[in-house]
file work-v1.cif (mmCIF, C-alpha atoms)
data_protein
#
loop_
_atom_site.group_PDB
_atom_site.id
_atom_site.type_symbol
_atom_site.label_atom_id
_atom_site.label_comp_id
_atom_site.auth_asym_id
_atom_site.auth_seq_id
_atom_site.Cartn_x
_atom_site.Cartn_y
_atom_site.Cartn_z
ATOM 1 C CA ILE W 1 36.200 -19.181 11.648
ATOM 2 C CA SER W 2 37.459 -17.872 14.943
ATOM 3 C CA THR W 3 39.222 -14.602 15.591
ATOM 4 C CA LEU W 4 42.402 -16.557 16.364
ATOM 5 C CA VAL W 5 42.321 -18.263 12.966
ATOM 6 C CA ILE W 6 41.867 -14.926 11.189
ATOM 7 C CA LEU W 7 44.671 -13.339 13.187
ATOM 8 C CA GLY W 8 46.930 -16.328 12.532
ATOM 9 C CA ILE W 9 46.348 -16.098 8.801
ATOM 10 C CA LEU W 10 46.846 -12.334 8.857
ATOM 11 C CA THR W 11 50.196 -12.876 10.562
ATOM 12 C CA ALA W 12 51.296 -14.818 7.489
ATOM 13 C CA PHE W 13 50.753 -11.654 5.451
ATOM 14 C CA ASN W 14 52.842 -9.605 7.856
ATOM 15 C CA ASN W 15 56.103 -9.563 5.894
ATOM 16 C CA ALA W 16 57.879 -6.484 4.564
ATOM 17 C CA SER W 17 56.734 -6.761 0.928
ATOM 18 C CA ALA W 18 53.076 -7.294 1.819
ATOM 19 C CA GLN W 19 53.273 -4.494 4.380
ATOM 20 C CA ASN W 20 54.100 -1.924 1.691
ATOM 21 C CA SER W 21 51.289 -2.893 -0.658
ATOM 22 C CA ILE W 22 48.502 -4.667 1.216
ATOM 23 C CA LEU W 23 45.937 -3.574 -1.380
ATOM 24 C CA PRO W 24 46.852 -2.094 -4.746
ATOM 25 C CA LYS W 25 45.505 1.310 -5.774
ATOM 26 C CA VAL W 26 42.846 1.729 -3.062
ATOM 27 C CA ARG W 27 40.535 4.609 -3.910
ATOM 28 C CA ILE W 28 37.483 6.093 -2.260
ATOM 29 C CA VAL W 29 34.672 6.154 -4.800
ATOM 30 C CA ASN W 30 31.731 7.111 -2.605
ATOM 31 C CA LYS W 31 30.956 8.509 0.838
ATOM 32 C CA ARG W 32 27.378 8.567 2.070
ATOM 33 C CA LYS W 33 25.213 8.439 5.144
ATOM 34 C CA VAL W 34 23.191 5.294 5.747
ATOM 35 C CA GLU W 35 20.852 5.378 8.732
ATOM 36 C CA GLY W 36 22.964 8.141 10.286
ATOM 37 C CA ARG W 37 26.313 6.347 9.864
ATOM 38 C CA ASN W 38 29.090 7.153 7.412
ATOM 39 C CA ALA W 39 29.651 4.476 4.786
ATOM 40 C CA ILE W 40 32.779 4.721 2.660
ATOM 41 C CA ARG W 41 33.048 2.673 -0.525
ATOM 42 C CA TYR W 42 36.556 1.696 -1.556
ATOM 43 C CA GLU W 43 37.606 0.059 -4.818
ATOM 44 C CA HIS W 44 40.897 -1.585 -5.687
ATOM 45 C CA ASP W 45 42.459 -3.708 -8.393
ATOM 46 C CA SER W 46 43.639 -7.248 -7.794
ATOM 47 C CA ALA W 47 47.214 -7.943 -6.719
ATOM 48 C CA LYS W 48 49.360 -10.368 -8.721
ATOM 49 C CA ARG W 49 50.339 -12.214 -5.530
ATOM 50 C CA TRP W 50 46.702 -13.243 -5.010
ATOM 51 C CA GLY W 51 46.881 -15.464 -8.087
ATOM 52 C CA TYR W 52 43.991 -14.268 -10.257
ATOM 53 C CA GLU W 53 44.361 -15.021 -13.963
ATOM 54 C CA LYS W 54 43.240 -11.493 -14.941
ATOM 55 C CA ASN W 55 43.343 -8.166 -13.154
ATOM 56 C CA HIS W 56 39.937 -6.959 -12.019
ATOM 57 C CA SER W 57 38.370 -4.462 -9.651
ATOM 58 C CA ASN W 58 36.730 -5.237 -6.309
ATOM 59 C CA TYR W 59 34.982 -3.077 -3.748
ATOM 60 C CA PHE W 60 34.217 -3.007 -0.052
ATOM 61 C CA TYR W 61 32.562 -0.637 2.392
ATOM 62 C CA VAL W 62 33.811 0.524 5.764
ATOM 63 C CA VAL W 63 31.423 2.000 8.295
ATOM 64 C CA PRO W 64 33.742 3.580 10.880
ATOM 65 C CA ALA W 65 33.032 3.374 14.586
ATOM 66 C CA THR W 66 31.757 6.613 16.056
ATOM 67 C CA SER W 67 32.450 5.856 19.698
ATOM 68 C CA SER W 68 35.351 7.531 21.429
ATOM 69 C CA GLU W 69 37.131 4.230 22.064
ATOM 70 C CA LYS W 70 40.781 4.528 21.032
ATOM 71 C CA LYS W 71 41.068 1.115 19.312
ATOM 72 C CA ALA W 72 37.636 -0.076 18.262
ATOM 73 C CA PRO W 73 36.874 -3.673 17.251
ATOM 74 C CA LEU W 74 36.158 -4.720 13.672
ATOM 75 C CA ARG W 75 33.175 -6.723 12.446
ATOM 76 C CA VAL W 76 33.840 -8.334 9.047
ATOM 77 C CA VAL W 77 30.661 -9.068 7.099
ATOM 78 C CA LEU W 78 30.496 -11.628 4.299
ATOM 79 C CA HIS W 79 27.157 -11.339 2.490
ATOM 80 C CA SER W 80 25.004 -14.393 1.961
ATOM 81 C CA ALA W 81 24.125 -16.187 -1.285
ATOM 82 C CA GLY W 82 22.523 -14.015 -3.936
ATOM 83 C CA GLY W 83 23.549 -10.857 -2.117
ATOM 84 C CA ASN W 84 26.374 -8.401 -2.476
ATOM 85 C CA GLY W 85 28.217 -5.808 -0.430
ATOM 86 C CA ASP W 86 25.725 -3.055 -1.333
ATOM 87 C CA LYS W 87 22.640 -5.025 -0.312
ATOM 88 C CA VAL W 88 23.966 -6.222 3.012
ATOM 89 C CA LEU W 89 25.208 -2.728 3.936
ATOM 90 C CA LEU W 90 21.790 -1.186 3.339
ATOM 91 C CA ASN W 91 19.816 -3.979 4.972
ATOM 92 C CA ASP W 92 22.109 -4.279 7.962
ATOM 93 C CA LEU W 93 21.965 -0.646 8.986
ATOM 94 C CA LYS W 94 18.183 -0.511 8.515
ATOM 95 C CA GLN W 95 17.382 -3.844 10.174
ATOM 96 C CA HIS W 96 19.302 -4.128 13.415
ATOM 97 C CA ASP W 97 17.692 -7.508 14.049
ATOM 98 C CA TRP W 98 20.039 -8.929 11.405
ATOM 99 C CA PHE W 99 22.215 -9.798 14.383
ATOM 100 C CA GLN W 100 24.666 -11.835 12.319
ATOM 101 C CA TYR W 101 25.710 -8.685 10.447
ATOM 102 C CA TYR W 102 24.934 -5.726 12.678
ATOM 103 C CA GLY W 103 27.756 -3.794 14.303
ATOM 104 C CA ASP W 104 26.700 -0.867 16.445
ATOM 105 C CA ASP W 105 28.635 2.404 16.533
ATOM 106 C CA THR W 106 31.286 0.933 18.853
ATOM 107 C CA PHE W 107 32.490 -1.231 15.929
ATOM 108 C CA HIS W 108 34.165 -0.499 12.630
ATOM 109 C CA VAL W 109 32.260 -2.642 10.126
ATOM 110 C CA LEU W 110 33.767 -4.009 6.913
ATOM 111 C CA TYR W 111 31.305 -5.123 4.232
ATOM 112 C CA LEU W 112 33.091 -7.271 1.667
ATOM 113 C CA ASP W 113 31.824 -8.236 -1.760
ATOM 114 C CA CYS W 114 32.684 -11.422 -3.644
ATOM 115 C CA ARG W 115 31.194 -10.714 -7.041
ATOM 116 C CA GLY W 116 34.202 -9.024 -8.676
ATOM 117 C CA ILE W 117 34.845 -12.047 -10.845
ATOM 118 C CA ILE W 118 31.903 -14.414 -10.693
ATOM 119 C CA LYS W 119 33.842 -17.385 -12.087
ATOM 120 C CA THR W 120 36.619 -17.276 -9.477
ATOM 121 C CA ASP W 121 35.350 -15.319 -6.472
ATOM 122 C CA TRP W 122 31.702 -16.249 -6.298
ATOM 123 C CA TRP W 123 30.973 -17.876 -3.651
ATOM 124 C CA TRP W 124 34.035 -16.612 -1.736
ATOM 125 C CA GLY W 125 36.271 -18.652 -4.002
ATOM 126 C CA TYR W 126 34.221 -21.856 -3.852
ATOM 127 C CA HIS W 127 34.104 -22.428 -7.627
ATOM 128 C CA GLU W 128 37.843 -21.814 -8.034
ATOM 129 C CA ILE W 129 38.618 -24.160 -5.148
ATOM 130 C CA LYS W 130 36.314 -26.825 -6.578
ATOM 131 C CA ARG W 131 37.979 -26.550 -10.035
ATOM 132 C CA ASN W 132 41.481 -26.806 -8.556
ATOM 133 C CA ALA W 133 40.919 -28.920 -5.447
ATOM 134 C CA ASP W 134 44.460 -30.319 -5.297
ATOM 135 C CA LEU W 135 46.079 -26.893 -5.592
ATOM 136 C CA TYR W 136 43.998 -25.366 -2.800
ATOM 137 C CA LYS W 137 44.418 -28.183 -0.280
ATOM 138 C CA ASN W 138 47.491 -26.404 1.080
ATOM 139 C CA GLU W 139 47.208 -22.923 -0.412
ATOM 140 C CA LEU W 140 44.691 -20.123 -0.060
ATOM 141 C CA ALA W 141 42.543 -19.378 -3.107
ATOM 142 C CA PRO W 142 42.760 -15.904 -4.710
ATOM 143 C CA ALA W 143 39.460 -14.820 -3.108
ATOM 144 C CA GLU W 144 40.715 -15.836 0.329
ATOM 145 C CA LYS W 145 43.976 -13.942 -0.178
ATOM 146 C CA ARG W 146 42.033 -10.848 -1.306
ATOM 147 C CA VAL W 147 39.698 -10.992 1.694
ATOM 148 C CA LEU W 148 42.534 -11.388 4.191
ATOM 149 C CA SER W 149 44.513 -8.564 2.558
ATOM 150 C CA THR W 150 41.436 -6.326 2.761
ATOM 151 C CA ILE W 151 40.930 -7.125 6.446
ATOM 152 C CA LYS W 152 44.587 -6.339 7.144
ATOM 153 C CA TRP W 153 44.318 -3.045 5.252
ATOM 154 C CA VAL W 154 41.246 -2.005 7.278
ATOM 155 C CA ILE W 155 42.942 -3.013 10.553
ATOM 156 C CA GLU W 156 45.870 -0.744 9.761
ATOM 157 C CA GLU W 157 43.929 2.102 8.127
ATOM 158 C CA TYR W 158 41.384 2.374 10.970
ATOM 159 C CA ASN W 159 43.679 1.470 13.900
ATOM 160 C CA VAL W 160 41.545 -1.561 14.814
ATOM 161 C CA ASP W 161 42.103 -3.559 17.988
ATOM 162 C CA ARG W 162 43.682 -6.718 16.503
ATOM 163 C CA ASN W 163 42.389 -8.761 19.452
ATOM 164 C CA ARG W 164 38.795 -7.941 18.553
ATOM 165 C CA VAL W 165 38.249 -8.880 14.895
ATOM 166 C CA TYR W 166 34.994 -10.750 14.332
ATOM 167 C CA LEU W 167 33.789 -12.542 11.213
ATOM 168 C CA CYS W 168 30.110 -12.931 10.383
#

call {"tool": "encode", "arguments": {"input": "work-v1.cif", "output": "structure tokens"}}
result
Amino acid sequence: ISTLVILGILTAFNNASAQNSILPKVRIVNKRKVEGRNAIRYEHDSAKRWGYEKNHSNYFYVVPATSSEKKAPLRVVLHSAGGNGDKVLLNDLKQHDWFQYYGDDTFHVLYLDCRGIIKTDWWWGYHEIKRNADLYKNELAPAEKRVLSTIKWVIEEYNVDRNRVYLC
């Protein structure tokens, strides 16, 4: 997925009602240092507009840029199969040769997790899309809506350069 595709999809979320409540009830649940960088764990409930059958809680980490750049870029990290947001955060910051994930201190890094509801989110909505193939031909699945809402929230919360959002 290219940066332009992500930005195009995010534009679709840029209406007045979504602007006021990008993510519901975002709360910081943990702040810690990992390999000398701050890692902030956020949790939030699901939003009705995403289309989940039941409300549930999800989490993500943000590792803020430490450079003095006014509008830093954002690296969005989707963990691989069998992993989760916690594992990839720890491995990434310890193993810089994980080039597909690593964002140095000039980047804000968003580590997403897709295990909130295994039946619908795991693997980034794949099972839900497979179960309802006709529905999701022309509509985003709940997991996709959640991910894009989270990216938008981080862009606004951390004053990210919208022209430099990268997905790994």

call {"tool": "resolve_selection", "arguments": {"input": "work-v1.cif", "expression": "the PyMOL selection byres ((chain W and resi 154) around 10)", "output": "list of chain:residue names"}}
result
W:Ile22, W:Leu23, W:Val62, W:Leu74, W:Val76, W:His108, W:Val109, W:Leu110, W:Leu148, W:Ser149, W:Thr150, W:Ile151, W:Lys152, W:Trp153, W:Ile155, W:Glu156, W:Glu157, W:Tyr158, W:Asn159, W:Val160

call {"tool": "resolve_selection", "arguments": {"input": "work-v1.cif", "expression": "the PyMOL selection byres ((chain W and resi 126) around 12)", "output": "PyMOL selection string"}}
result
chain W and resi 81+114-115+118-125+127-133+136+140-144

call {"tool": "atom_distance", "arguments": {"input": "work-v1.cif", "atom1": "CA of Tyr111 (chain W)", "atom2": "CA of Ala47 (chain W)"}}
result
19.5 Å

call {"tool": "closest_residue", "arguments": {"input": "work-v1.cif", "among": "W:Ser67, W:Ile117, W:Val77, W:Asn163", "to": "Lys54 (chain W)", "atoms": "only C-alpha atoms"}}
result
W:Ile117

call {"tool": "atom_distance", "arguments": {"input": "work-v1.cif", "atom1": "CA of Lys31 (chain W)", "atom2": "CA of Tyr61 (chain W)"}}
result
9.4 Å

call {"tool": "closest_residue", "arguments": {"input": "work-v1.cif", "among": "W:Val147, W:Val26, W:Val34, W:Ala65", "to": "Asp104 (chain W)", "atoms": "only C-alpha atoms"}}
result
W:Ala65

call {"tool": "atom_distance", "arguments": {"input": "work-v1.cif", "atom1": "CA of His79 (chain W)", "atom2": "CA of Tyr42 (chain W)"}}
result
16.6 Å
